[in-house]
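my_file_5.csv (CSV, C-alpha atoms) appears below.
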chain,number,residue,atom,x,y,z
Z,9,MET,CA,-44.7,-57.2,28.8
Z,10,ALA,CA,-44.3,-54.2,31.1
Z,11,THR,CA,-42.8,-54.8,34.6
Z,12,GLN,CA,-45.4,-53.9,37.2
Z,13,ILE,CA,-43.6,-51.7,39.7
Z,14,ARG,CA,-44.7,-52.6,43.3
Z,15,THR,CA,-46.0,-50.0,45.8
Z,16,THR,CA,-46.2,-49.6,49.5
Z,17,HIS,CA,-46.0,-46.9,52.2
Z,18,VAL,CA,-43.9,-46.3,55.3
Z,19,GLY,CA,-46.5,-47.4,57.9
Z,20,SER,CA,-48.6,-44.9,59.8
Z,21,LEU,CA,-52.0,-44.2,58.2
Z,22,PRO,CA,-54.7,-41.8,59.4
Z,23,ARG,CA,-56.6,-43.1,62.5
Z,24,THR,CA,-60.3,-43.2,62.4
Z,25,ASP,CA,-62.5,-41.4,64.9
Z,26,ALA,CA,-63.5,-44.8,66.4
Z,27,LEU,CA,-59.9,-45.8,66.9
Z,28,LEU,CA,-58.9,-42.4,68.4
Z,29,GLU,CA,-61.8,-42.6,70.8
Z,30,ALA,CA,-61.0,-46.2,71.8
Z,31,ASN,CA,-57.4,-45.3,72.5
Z,32,ALA,CA,-58.4,-42.4,74.6
Z,33,ALA,CA,-60.9,-44.5,76.6
Z,34,HIS,CA,-58.2,-47.2,77.1
Z,35,ALA,CA,-55.8,-44.6,78.3
Z,36,ALA,CA,-58.4,-43.3,80.8
Z,37,GLY,CA,-59.1,-46.9,82.0
Z,38,THR,CA,-62.7,-47.0,80.8
Z,39,LEU,CA,-62.0,-49.6,78.0
Z,40,ASP,CA,-60.3,-52.9,78.8
Z,41,ASP,CA,-57.6,-54.6,76.7
Z,42,ALA,CA,-60.0,-57.1,75.1
Z,43,ALA,CA,-62.4,-54.4,74.0
Z,44,LEU,CA,-59.6,-52.3,72.6
Z,45,ALA,CA,-58.2,-55.4,70.7
Z,46,ALA,CA,-61.6,-56.0,69.2
Z,47,ILE,CA,-61.8,-52.5,67.9
Z,48,ILE,CA,-58.2,-52.6,66.6
Z,49,ALA,CA,-59.0,-55.8,64.7
Z,50,GLU,CA,-62.1,-54.4,63.1
Z,51,GLN,CA,-60.4,-51.2,62.1
Z,52,THR,CA,-57.3,-53.1,60.8
Z,53,ASP,CA,-59.6,-55.2,58.5
Z,54,ALA,CA,-60.9,-52.0,57.1
Z,55,VAL,CA,-57.6,-50.2,56.6
Z,56,VAL,CA,-56.0,-53.3,54.9
Z,57,ALA,CA,-59.1,-53.5,52.6
Z,58,ARG,CA,-58.8,-49.9,51.7
Z,59,GLN,CA,-55.1,-50.2,50.9
Z,60,ALA,CA,-55.8,-53.2,48.7
Z,61,GLU,CA,-58.7,-51.4,47.0
Z,62,ILE,CA,-56.4,-48.5,46.1
Z,63,GLY,CA,-53.9,-51.0,44.6
Z,64,LEU,CA,-51.0,-50.9,47.0
Z,65,THR,CA,-49.0,-54.1,46.7
Z,66,ILE,CA,-47.4,-54.3,50.1
Z,67,VAL,CA,-49.7,-53.2,53.0
Z,68,ASN,CA,-49.8,-53.0,56.8
Z,69,ASP,CA,-52.0,-52.5,59.7
Z,70,GLY,CA,-51.7,-48.7,59.4
Z,71,GLU,CA,-49.8,-48.9,62.7
Z,72,TYR,CA,-53.2,-49.0,64.4
Z,73,GLY,CA,-51.7,-50.8,67.3
Z,74,HIS,CA,-49.4,-47.8,67.9
Z,75,ALA,CA,-51.8,-45.7,70.0
Z,76,MET,CA,-52.8,-42.2,69.1
Z,77,THR,CA,-55.5,-40.2,70.8
Z,78,GLU,CA,-55.4,-37.1,68.6
Z,79,LYS,CA,-55.4,-36.8,64.8
Z,80,VAL,CA,-52.1,-34.9,64.8
Z,81,ASP,CA,-49.4,-36.9,66.3
Z,82,TYR,CA,-45.9,-37.0,64.9
Z,83,GLY,CA,-44.5,-39.4,67.5
Z,84,ALA,CA,-46.6,-42.5,67.8
Z,85,TRP,CA,-44.0,-44.5,65.8
Z,86,TRP,CA,-41.7,-44.0,68.9
Z,87,SER,CA,-44.0,-43.5,71.8
Z,88,TYR,CA,-45.8,-46.8,71.2
Z,89,SER,CA,-42.6,-48.5,72.6
Z,90,PHE,CA,-42.9,-46.8,76.0
Z,91,SER,CA,-45.6,-49.2,77.1
Z,92,ARG,CA,-43.9,-52.4,75.8
Z,93,PHE,CA,-40.7,-52.4,77.9
Z,94,SER,CA,-39.7,-52.5,81.5
Z,95,GLY,CA,-37.1,-50.2,83.0
Z,96,LEU,CA,-38.8,-47.0,81.8
Z,97,GLU,CA,-40.1,-44.3,84.1
Z,98,LEU,CA,-41.5,-40.8,83.8
Z,99,LEU,CA,-39.4,-38.6,85.9
Z,100,ASP,CA,-40.3,-35.3,87.6
Z,101,GLN,CA,-36.7,-34.6,88.5
Z,102,LEU,CA,-34.0,-35.9,86.3
Z,103,PRO,CA,-31.1,-37.7,88.1
Z,104,GLU,CA,-27.5,-37.0,87.1
Z,105,ARG,CA,-26.6,-38.8,83.9
Z,106,LYS,CA,-23.5,-41.0,83.7
Z,107,PRO,CA,-20.5,-39.2,82.2
Z,108,THR,CA,-19.8,-39.8,78.5
Z,109,PRO,CA,-16.6,-41.9,78.0
Z,110,ALA,CA,-13.8,-39.9,76.5
Z,111,GLY,CA,-13.8,-39.9,72.7
Z,112,LYS,CA,-17.5,-41.1,72.5
Z,113,LEU,CA,-20.4,-39.1,71.1
Z,114,GLU,CA,-23.6,-38.8,73.1
Z,115,LEU,CA,-26.8,-37.1,71.9
Z,116,ASP,CA,-27.7,-33.8,73.4
Z,117,ALA,CA,-31.3,-32.8,74.3
Z,118,MET,CA,-34.0,-33.2,71.6
Z,119,THR,CA,-34.6,-29.4,71.8
Z,120,ASP,CA,-30.9,-28.7,71.1
Z,121,ARG,CA,-31.2,-29.6,67.4
Z,122,ARG,CA,-29.2,-27.2,65.4
Z,123,ASP,CA,-32.0,-26.6,62.8
Z,124,TRP,CA,-34.4,-25.8,65.6
Z,125,VAL,CA,-31.9,-23.3,67.1
Z,126,ALA,CA,-31.1,-21.7,63.8
Z,127,TYR,CA,-34.8,-21.2,63.0
Z,128,ALA,CA,-36.0,-20.7,66.6
Z,129,ASP,CA,-38.2,-17.8,65.5
Z,130,ALA,CA,-40.1,-20.0,63.1
Z,131,TYR,CA,-40.3,-23.0,65.4
Z,132,SER,CA,-41.7,-20.9,68.2
Z,133,ASP,CA,-44.2,-19.0,66.1
Z,134,PRO,CA,-47.7,-20.7,66.0
Z,135,THR,CA,-48.5,-18.9,62.7
Z,136,SER,CA,-45.4,-20.5,61.0
Z,137,GLY,CA,-47.2,-23.6,59.9
Z,138,ILE,CA,-44.7,-25.7,61.8
Z,139,HIS,CA,-46.7,-28.1,64.0
Z,140,LEU,CA,-44.0,-28.1,66.7
Z,141,ALA,CA,-44.7,-24.5,67.5
Z,142,THR,CA,-48.1,-25.5,68.9
Z,143,ARG,CA,-47.5,-28.8,70.4
Z,144,ARG,CA,-47.5,-29.6,74.1
Z,145,PRO,CA,-44.2,-29.8,76.1
Z,146,TRP,CA,-42.1,-32.9,75.4
Z,147,VAL,CA,-42.6,-35.7,77.9
Z,148,PHE,CA,-40.3,-38.7,77.6
Z,149,PRO,CA,-39.5,-41.5,80.0
Z,150,GLY,CA,-36.0,-42.2,81.2
Z,151,VAL,CA,-34.3,-45.6,81.5
Z,152,THR,CA,-34.1,-46.2,85.3
Z,153,GLY,CA,-33.9,-50.1,85.3
Z,154,GLU,CA,-33.2,-53.1,83.2
Z,155,ILE,CA,-34.8,-53.0,79.8
Z,156,ARG,CA,-36.9,-56.1,79.0
Z,157,TYR,CA,-39.6,-56.7,76.5
Z,158,THR,CA,-43.1,-56.8,78.1
Z,159,GLY,CA,-45.2,-56.3,74.9
Z,160,GLN,CA,-45.7,-60.0,74.0
Z,161,ALA,CA,-49.5,-59.8,74.2
Z,162,THR,CA,-49.6,-56.4,72.4
Z,163,VAL,CA,-47.5,-57.4,69.5
Z,164,ALA,CA,-49.4,-60.7,69.2
Z,165,ARG,CA,-52.6,-58.6,69.0
Z,166,ASP,CA,-51.2,-56.5,66.2
Z,167,VAL,CA,-49.9,-59.5,64.3
Z,168,ALA,CA,-53.2,-61.3,64.5
Z,169,ALA,CA,-55.1,-58.3,63.4
Z,170,LEU,CA,-52.9,-57.8,60.3
Z,171,LYS,CA,-53.0,-61.5,59.4
Z,172,HIS,CA,-56.8,-61.5,59.5
Z,173,GLY,CA,-56.9,-58.3,57.5
Z,174,LEU,CA,-54.6,-59.8,54.8
Z,175,GLU,CA,-56.7,-63.0,54.7
Z,176,GLN,CA,-59.9,-61.0,54.3
Z,177,ALA,CA,-58.3,-58.9,51.5
Z,178,GLY,CA,-57.0,-62.0,49.7
Z,179,LYS,CA,-53.4,-61.0,50.1
Z,180,PRO,CA,-50.5,-63.3,51.1
Z,181,LEU,CA,-48.5,-62.9,54.4
Z,182,SER,CA,-45.5,-61.9,52.3
Z,183,GLU,CA,-47.3,-58.7,51.3
Z,184,GLY,CA,-47.9,-57.6,54.9
Z,185,PHE,CA,-45.5,-55.6,57.2
Z,186,VAL,CA,-45.5,-54.4,60.8
Z,187,ALA,CA,-43.3,-51.4,61.9
Z,188,SER,CA,-41.0,-51.6,64.9
Z,189,ILE,CA,-38.6,-49.1,66.3
Z,190,SER,CA,-34.8,-49.5,65.9
Z,191,PRO,CA,-32.7,-49.9,69.1
Z,192,ALA,CA,-30.9,-46.6,68.5
Z,193,ALA,CA,-34.1,-44.7,68.0
Z,194,ALA,CA,-35.6,-46.3,71.1
Z,195,ALA,CA,-32.4,-45.4,73.1
Z,196,ARG,CA,-32.9,-41.6,72.5
Z,197,VAL,CA,-34.7,-41.5,75.8
Z,198,GLY,CA,-32.4,-40.6,78.7
Z,199,ASN,CA,-30.2,-43.3,80.2
Z,200,TYR,CA,-29.9,-43.2,84.0
Z,201,TYR,CA,-29.2,-46.9,84.5
Z,202,TYR,CA,-26.7,-48.4,82.1
Z,203,GLU,CA,-23.0,-47.8,82.2
Z,204,ASP,CA,-23.0,-45.7,79.1
Z,205,ASP,CA,-25.1,-44.9,76.0
Z,206,GLU,CA,-23.7,-47.8,74.0
Z,207,ALA,CA,-24.6,-50.3,76.7
Z,208,CYS,CA,-28.1,-48.9,76.7
Z,209,VAL,CA,-28.4,-49.3,72.9
Z,210,TRP,CA,-27.3,-52.9,73.2
Z,211,ALA,CA,-29.9,-53.5,75.9
Z,212,TRP,CA,-32.6,-52.1,73.6
Z,213,ALA,CA,-31.4,-54.4,70.9
Z,214,GLU,CA,-31.7,-57.5,73.1
Z,215,ALA,CA,-35.2,-56.6,74.1
Z,216,LEU,CA,-36.4,-55.5,70.6
Z,217,ARG,CA,-35.3,-58.8,69.2
Z,218,GLU,CA,-38.4,-60.3,70.7
Z,219,GLU,CA,-40.7,-57.9,68.8
Z,220,TYR,CA,-38.8,-58.5,65.5
Z,221,LYS,CA,-39.1,-62.3,66.0
Z,222,ALA,CA,-42.8,-62.1,66.9
Z,223,ILE,CA,-43.5,-60.3,63.6
Z,224,THR,CA,-41.3,-62.4,61.3
Z,225,ASP,CA,-42.1,-65.8,62.9
Z,226,ALA,CA,-45.7,-65.1,61.9
Z,227,GLY,CA,-44.6,-64.8,58.2
Z,228,LEU,CA,-44.8,-61.1,58.0
Z,229,THR,CA,-42.1,-58.5,57.2
Z,230,VAL,CA,-40.8,-56.2,59.9
Z,231,GLN,CA,-40.0,-52.6,59.0
Z,232,ILE,CA,-37.3,-51.2,61.2
Z,233,ASP,CA,-38.1,-47.5,61.8
Z,234,ALA,CA,-34.6,-45.9,62.1
Z,235,PRO,CA,-34.7,-42.2,61.7
Z,236,ASP,CA,-31.8,-42.2,64.1
Z,237,LEU,CA,-29.2,-43.0,61.4
Z,238,ALA,CA,-29.8,-39.7,59.5
Z,239,GLU,CA,-31.7,-37.6,62.0
Z,240,SER,CA,-29.4,-37.9,65.0
Z,241,TRP,CA,-26.7,-35.9,63.1
Z,242,ASP,CA,-28.6,-32.8,64.0
Z,243,GLN,CA,-29.0,-33.7,67.7
Z,244,PHE,CA,-25.7,-32.4,68.8
Z,245,VAL,CA,-25.2,-28.8,70.0
Z,246,THR,CA,-21.9,-28.7,68.0
Z,247,GLU,CA,-21.7,-30.4,64.7
Z,248,PRO,CA,-19.5,-33.5,65.2
Z,249,PRO,CA,-16.8,-34.6,62.8
Z,250,LEU,CA,-18.3,-36.8,60.2
Z,251,GLU,CA,-16.1,-39.8,60.9
Z,252,ASP,CA,-17.0,-39.6,64.6
Z,253,TYR,CA,-20.6,-39.6,63.7
Z,254,ARG,CA,-20.2,-42.6,61.3
Z,255,ARG,CA,-18.5,-44.5,64.2
Z,256,PHE,CA,-21.3,-43.6,66.5
Z,257,SER,CA,-23.8,-44.8,63.9
Z,258,ALA,CA,-21.9,-48.0,63.1
Z,259,VAL,CA,-22.1,-49.2,66.7
Z,260,ARG,CA,-25.9,-48.8,66.5
Z,261,ILE,CA,-26.2,-50.7,63.3
Z,262,GLU,CA,-24.1,-53.5,64.8
Z,263,ALA,CA,-26.6,-53.7,67.7
Z,264,LEU,CA,-29.5,-53.7,65.2
Z,265,ASN,CA,-27.9,-56.5,63.2
Z,266,HIS,CA,-27.4,-58.4,66.4
Z,267,ALA,CA,-31.2,-58.0,67.1
Z,268,LEU,CA,-31.9,-59.3,63.6
Z,269,GLU,CA,-29.6,-62.3,63.8
Z,270,GLY,CA,-31.3,-65.4,62.5
Z,271,ILE,CA,-34.1,-63.5,60.8
Z,272,ASP,CA,-34.3,-63.8,57.0
Z,273,PRO,CA,-33.3,-60.4,55.5
Z,274,ALA,CA,-36.0,-60.9,52.9
Z,275,GLN,CA,-38.5,-60.3,55.8
Z,276,VAL,CA,-36.8,-57.1,56.9
Z,277,ARG,CA,-37.0,-53.5,55.5
Z,278,TYR,CA,-35.1,-50.6,57.0
Z,279,HIS,CA,-36.5,-47.1,57.0
Z,280,VAL,CA,-34.3,-44.1,57.0
Z,281,CYS,CA,-35.6,-40.6,57.4
Z,282,TRP,CA,-34.6,-37.1,58.6
Z,283,GLY,CA,-37.6,-36.7,61.0
Z,284,SER,CA,-41.2,-36.2,60.0
Z,285,TRP,CA,-41.7,-32.6,61.3
Z,286,HIS,CA,-42.6,-29.9,58.8
Z,287,GLY,CA,-39.6,-27.5,59.2
Z,288,PRO,CA,-36.6,-26.2,57.2
Z,289,HIS,CA,-34.3,-29.2,57.9
Z,290,SER,CA,-31.4,-26.9,57.1
Z,291,THR,CA,-28.9,-29.1,58.9
Z,292,ASP,CA,-29.9,-32.5,57.5
Z,293,LEU,CA,-27.0,-34.8,56.7
Z,294,GLY,CA,-26.7,-35.9,53.0
Z,295,PHE,CA,-27.7,-39.5,52.4
Z,296,ASP,CA,-24.5,-40.0,50.4
Z,297,LYS,CA,-22.6,-39.7,53.7
Z,298,ILE,CA,-24.4,-42.7,55.3
Z,299,VAL,CA,-25.9,-44.8,52.5
Z,300,ASP,CA,-23.2,-47.5,52.9
Z,301,LEU,CA,-24.1,-47.8,56.6
Z,302,ALA,CA,-27.8,-48.1,55.7
Z,303,LEU,CA,-26.9,-50.9,53.2
Z,304,SER,CA,-25.0,-52.8,55.9
Z,305,VAL,CA,-28.2,-53.5,57.8
Z,306,ASN,CA,-29.4,-57.1,57.4
Z,307,ALA,CA,-32.5,-56.0,55.6
Z,308,ASN,CA,-33.2,-56.6,51.9
Z,309,GLY,CA,-35.4,-53.5,51.6
Z,310,LEU,CA,-34.1,-49.9,52.1
Z,311,SER,CA,-36.8,-47.2,52.6
Z,312,PHE,CA,-35.8,-43.6,52.4
Z,313,GLU,CA,-37.1,-40.1,51.7
Z,314,ALA,CA,-36.8,-39.2,48.0
Z,315,ALA,CA,-39.8,-36.8,47.5
Z,316,ASN,CA,-38.7,-34.5,50.3
Z,317,VAL,CA,-37.4,-31.3,48.6
Z,318,ARG,CA,-34.3,-31.3,50.9
Z,319,HIS,CA,-33.4,-34.8,49.6
Z,320,GLU,CA,-35.0,-35.3,46.2
Z,321,HIS,CA,-31.8,-34.6,44.3
Z,322,GLU,CA,-30.1,-37.6,46.1
Z,323,TRP,CA,-31.5,-40.1,43.6
Z,324,LYS,CA,-28.3,-39.4,41.8
Z,325,ILE,CA,-26.2,-41.3,44.4
Z,326,TRP,CA,-27.5,-44.6,42.9
Z,327,ARG,CA,-25.5,-43.9,39.8
Z,328,ASP,CA,-22.4,-44.7,41.7
Z,329,THR,CA,-23.6,-46.7,44.7
Z,330,PRO,CA,-23.9,-50.4,43.8
Z,331,LEU,CA,-27.0,-52.1,45.1
Z,332,PRO,CA,-25.9,-55.4,46.7
Z,333,ASP,CA,-27.4,-58.7,45.5
Z,334,GLY,CA,-30.8,-59.4,47.0
Z,335,LYS,CA,-31.5,-55.8,48.1
Z,336,TYR,CA,-34.1,-53.4,46.7
Z,337,LEU,CA,-35.0,-49.7,47.1
Z,338,ILE,CA,-38.1,-48.3,48.6
Z,339,PRO,CA,-37.9,-44.6,47.7
Z,340,GLY,CA,-40.5,-42.1,48.8
Z,341,VAL,CA,-42.2,-40.6,45.8
Z,342,VAL,CA,-45.0,-38.8,47.6
Z,343,SER,CA,-44.3,-36.6,50.6
Z,344,HIS,CA,-45.7,-36.4,54.1
Z,345,ALA,CA,-44.4,-32.8,54.5
Z,346,THR,CA,-46.8,-31.0,52.0
Z,347,ASN,CA,-50.5,-30.8,51.6
Z,348,VAL,CA,-50.0,-30.5,47.8
Z,349,LEU,CA,-51.2,-33.6,46.1
Z,350,GLU,CA,-48.5,-35.0,43.8
Z,351,HIS,CA,-49.5,-35.4,40.2
Z,352,PRO,CA,-49.3,-39.0,39.0
Z,353,GLU,CA,-47.0,-38.0,36.1
Z,354,LEU,CA,-44.5,-36.5,38.6
Z,355,VAL,CA,-44.8,-39.6,40.8
Z,356,ALA,CA,-44.0,-41.7,37.6
Z,357,ASP,CA,-41.0,-39.6,36.8
Z,358,ARG,CA,-39.6,-40.0,40.3
Z,359,ILE,CA,-40.1,-43.8,40.2
Z,360,GLU,CA,-38.5,-43.9,36.7
Z,361,ARG,CA,-35.3,-42.3,38.0
Z,362,PHE,CA,-34.7,-45.2,40.3
Z,363,ALA,CA,-36.0,-47.9,38.1
Z,364,ARG,CA,-33.6,-46.8,35.2
Z,365,LEU,CA,-30.6,-47.1,37.6
Z,366,VAL,CA,-31.3,-50.3,39.5
Z,367,GLY,CA,-34.1,-52.0,37.5
Z,368,PRO,CA,-37.9,-51.7,37.9
Z,369,GLU,CA,-38.0,-55.1,39.7
Z,370,ARG,CA,-35.8,-53.7,42.4
Z,371,VAL,CA,-37.9,-50.6,43.2
Z,372,VAL,CA,-41.0,-50.5,45.4
Z,373,ALA,CA,-42.5,-47.0,45.2
Z,374,SER,CA,-43.5,-45.6,48.6
Z,375,THR,CA,-44.1,-42.5,50.7
Z,376,ASP,CA,-41.3,-40.5,52.4
Z,377,CYS,CA,-42.7,-41.2,55.9
Z,378,GLY,CA,-45.9,-42.2,57.6
Z,379,LEU,CA,-48.9,-40.1,56.6
Z,380,GLY,CA,-51.0,-40.8,59.7
Z,381,GLY,CA,-50.9,-38.0,62.2
Z,382,ARG,CA,-49.1,-35.7,59.7
Z,383,VAL,CA,-51.5,-35.2,56.8
Z,384,HIS,CA,-55.2,-34.8,56.8
Z,385,ALA,CA,-56.9,-38.2,56.2
Z,386,HIS,CA,-58.6,-37.1,52.9
Z,387,ILE,CA,-55.3,-35.8,51.5
Z,388,ALA,CA,-53.3,-38.8,52.8
Z,389,TRP,CA,-55.5,-41.4,51.0
Z,390,SER,CA,-55.5,-39.2,47.8
Z,391,LYS,CA,-51.7,-39.2,48.0
Z,392,LEU,CA,-51.7,-43.1,48.1
Z,393,ALA,CA,-54.0,-43.2,45.1
Z,394,SER,CA,-51.7,-40.9,43.2
Z,395,LEU,CA,-48.8,-43.2,44.2
Z,396,THR,CA,-50.4,-46.2,42.7
Z,397,GLU,CA,-51.5,-44.4,39.6
Z,398,GLY,CA,-47.9,-43.1,39.2
Z,399,ALA,CA,-46.6,-46.6,39.6
Z,400,ARG,CA,-49.0,-47.8,36.8
Z,401,LEU,CA,-47.7,-45.0,34.5
Z,402,ALA,CA,-44.1,-45.7,35.3
Z,403,SER,CA,-44.5,-49.5,34.8
Z,404,ALA,CA,-45.8,-48.8,31.2
Z,405,ARG,CA,-42.4,-47.2,30.4
Z,406,PHE,CA,-40.5,-50.5,30.9

Show me this structure written as structure tokens.
Amino acid sequence: MATQIRTTHVGSLPRTDALLEANAAHAAGTLDDAALAAIIAEQTDAVVARQAEIGLTIVNDGEYGHAMTEKVDYGAWWSYSFSRFSGLELLDQLPERKPTPAGKLELDAMTDRRDWVAYADAYSDPTSGIHLATRRPWVFPGVTGEIRYTGQATVARDVAALKHGLEQAGKPLSEGFVASISPAAAARVGNYYYEDDEACVWAWAEALREEYKAITDAGLTVQIDAPDLAESWDQFVTEPPLEDYRRFSAVRIEALNHALEGIDPAQVRYHVCWGSWHGPHSTDLGFDKIVDLALSVNANGLSFEAANVRHEHEWKIWRDTPLPDGKYLIPGVVSHATNVLEHPELVADRIERFARLVGPERVVASTDCGLGGRVHAHIAWSKLASLTEGARLASARF
């Protein structure tokens, strides 16, 4: 009997007009928390049902609790956190940052990315097809006080909405996940309070533990969104020595594992990506340079980009990288970075590469990154249908 290869996606799904309008009204103060929660619950029921109808095995709330007010939004996976923590402030004038301790790396400005500098003409040209060329100026808060978790009611709302959606769809809690930001990704806002960058990361870890616990205590899986592991490599004006970067990243994984302490790794999946923007990614770090660090996270599931044409070849690293007991791979087999709809046969081939190396039971076919805010809704849902059809075809090969 063929092994049925499971399917999922990375998290963000296209927002409906009703949800976008509700978020905008809530932001404007014309819709209260209770009314917004009711709309989120209704829309979550629908998005869970649609995922189940398409045939996805492991589903989520579409990140419908991570507010978006526009259909194109590459940053809701991160910006949702700004309203769930104390100690953050929008600053008109930036205070002087604390000096970086000798021998320690500290991220440069988001706009200093080496890829963005190398292709500045394309990134600044609105006709290039790169969304960043037409977006509004970056507005991030800074850390000006003690970071504490204040999102208890909000995460409870999201958990309740997903649990109800799963019940309505006839799916068990074990097949539902909620995305939450990693401490290191959250800490990429400016630090103007803590002694240094590492102290700030550890403060984020302490606070985020509450969100991780709220999700997993409810019986759901938490997905740790951690583009920081791979993507931060490009956020230095001068390329750092690889070993320095690995030490920089190891500290951040240590903080994440502290935040996950006491949580069953079977209820945790760790998502690595190189940033969701549609650009050259010419300076991306190879996955082989950090895959051991990714596997050191106390998470059984490892989600990563494998359909992205800058990284598709990296399936080969699993020929020589042992997969620890209990862990499984969640490779992306359809991309968020192209409007071309992947053929199910291609999807099946991509799945088969991994399944032949680690076993079909240790592969959950997925997307590279979240589709919501990055791909038109019609195309996004078609990609998910192609994903499930490709998994069906691949399953028949085992």

Item to check | All residues 8 Å or closer to Phe406 in chain Z, only C-alpha atoms, same chain fewer than 6 positions away omitted, as number ranges by chain | outcome: Z: 10-11, 368

Next on the checklist: Just want the 7 Å neighbourhood of range 139-156 of chain Z, counted on all atoms listed in the file, with same-chain residues fewer than 5 positions away dropped. Output as a count of residues only.
Outcome noted: 20

Next on the checklist: Tell me which residues come within 12 Å of (-52.9, -48.7, 67.2), as a PyMOL selection string, counting all atoms listed in the file in the file's coordinates.
Outcome noted: chain Z and resi 19-24+26-32+34+44-52+55+68-78+84-85+87-89+162-163+165-167+169-170+186-187+380-381

Limited to C-alpha atoms, could you put the picked residues into a file as a PDB file, in the coordinates of the input?
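Generated output (out_7.pdb):
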ATOM      1  CA  GLY Z  19     -46.500 -47.400  57.900  1.00  0.00           C
ATOM      2  CA  SER Z  20     -48.600 -44.900  59.800  1.00  0.00           C
ATOM      3  CA  LEU Z  21     -52.000 -44.200  58.200  1.00  0.00           C
ATOM      4  CA  PRO Z  22     -54.700 -41.800  59.400  1.00  0.00           C
ATOM      5  CA  ARG Z  23     -56.600 -43.100  62.500  1.00  0.00           C
ATOM      6  CA  THR Z  24     -60.300 -43.200  62.400  1.00  0.00           C
ATOM      7  CA  ALA Z  26     -63.500 -44.800  66.400  1.00  0.00           C
ATOM      8  CA  LEU Z  27     -59.900 -45.800  66.900  1.00  0.00           C
ATOM      9  CA  LEU Z  28     -58.900 -42.400  68.400  1.00  0.00           C
ATOM     10  CA  GLU Z  29     -61.800 -42.600  70.800  1.00  0.00           C
ATOM     11  CA  ALA Z  30     -61.000 -46.200  71.800  1.00  0.00           C
ATOM     12  CA  ASN Z  31     -57.400 -45.300  72.500  1.00  0.00           C
ATOM     13  CA  ALA Z  32     -58.400 -42.400  74.600  1.00  0.00           C
ATOM     14  CA  HIS Z  34     -58.200 -47.200  77.100  1.00  0.00           C
ATOM     15  CA  LEU Z  44     -59.600 -52.300  72.600  1.00  0.00           C
ATOM     16  CA  ALA Z  45     -58.200 -55.400  70.700  1.00  0.00           C
ATOM     17  CA  ALA Z  46     -61.600 -56.000  69.200  1.00  0.00           C
ATOM     18  CA  ILE Z  47     -61.800 -52.500  67.900  1.00  0.00           C
ATOM     19  CA  ILE Z  48     -58.200 -52.600  66.600  1.00  0.00           C
ATOM     20  CA  ALA Z  49     -59.000 -55.800  64.700  1.00  0.00           C
ATOM     21  CA  GLU Z  50     -62.100 -54.400  63.100  1.00  0.00           C
ATOM     22  CA  GLN Z  51     -60.400 -51.200  62.100  1.00  0.00           C
ATOM     23  CA  THR Z  52     -57.300 -53.100  60.800  1.00  0.00           C
ATOM     24  CA  VAL Z  55     -57.600 -50.200  56.600  1.00  0.00           C
ATOM     25  CA  ASN Z  68     -49.800 -53.000  56.800  1.00  0.00           C
ATOM     26  CA  ASP Z  69     -52.000 -52.500  59.700  1.00  0.00           C
ATOM     27  CA  GLY Z  70     -51.700 -48.700  59.400  1.00  0.00           C
ATOM     28  CA  GLU Z  71     -49.800 -48.900  62.700  1.00  0.00           C
ATOM     29  CA  TYR Z  72     -53.200 -49.000  64.400  1.00  0.00           C
ATOM     30  CA  GLY Z  73     -51.700 -50.800  67.300  1.00  0.00           C
ATOM     31  CA  HIS Z  74     -49.400 -47.800  67.900  1.00  0.00           C
ATOM     32  CA  ALA Z  75     -51.800 -45.700  70.000  1.00  0.00           C
ATOM     33  CA  MET Z  76     -52.800 -42.200  69.100  1.00  0.00           C
ATOM     34  CA  THR Z  77     -55.500 -40.200  70.800  1.00  0.00           C
ATOM     35  CA  GLU Z  78     -55.400 -37.100  68.600  1.00  0.00           C
ATOM     36  CA  ALA Z  84     -46.600 -42.500  67.800  1.00  0.00           C
ATOM     37  CA  TRP Z  85     -44.000 -44.500  65.800  1.00  0.00           C
ATOM     38  CA  SER Z  87     -44.000 -43.500  71.800  1.00  0.00           C
ATOM     39  CA  TYR Z  88     -45.800 -46.800  71.200  1.00  0.00           C
ATOM     40  CA  SER Z  89     -42.600 -48.500  72.600  1.00  0.00           C
ATOM     41  CA  THR Z 162     -49.600 -56.400  72.400  1.00  0.00           C
ATOM     42  CA  VAL Z 163     -47.500 -57.400  69.500  1.00  0.00           C
ATOM     43  CA  ARG Z 165     -52.600 -58.600  69.000  1.00  0.00           C
ATOM     44  CA  ASP Z 166     -51.200 -56.500  66.200  1.00  0.00           C
ATOM     45  CA  VAL Z 167     -49.900 -59.500  64.300  1.00  0.00           C
ATOM     46  CA  ALA Z 169     -55.100 -58.300  63.400  1.00  0.00           C
ATOM     47  CA  LEU Z 170     -52.900 -57.800  60.300  1.00  0.00           C
ATOM     48  CA  VAL Z 186     -45.500 -54.400  60.800  1.00  0.00           C
ATOM     49  CA  ALA Z 187     -43.300 -51.400  61.900  1.00  0.00           C
ATOM     50  CA  GLY Z 380     -51.000 -40.800  59.700  1.00  0.00           C
ATOM     51  CA  GLY Z 381     -50.900 -38.000  62.200  1.00  0.00           C
TER      52      GLY Z 381
END

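Considering only C-alpha atoms, the residue among Z:Leu354, Z:Ala43, Z:Leu365, Z:Ile66 positioned nearest to Glu183 in chain Z is Z:Ile66.
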
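Within 10 Å of Trp124 in chain Z, once all atoms listed in the file are used and residues closer than 2 positions along the same chain are dropped, the contacting residues are Met118, Thr119, Asp120, Arg121, Arg122, Ala126, Tyr127, Ala128, Asp129, Ala130, Tyr131, Ser132, Leu140, Asp242, Gln243, Gly287, Pro288, His289, Ser290 and Thr291 of chain Z.
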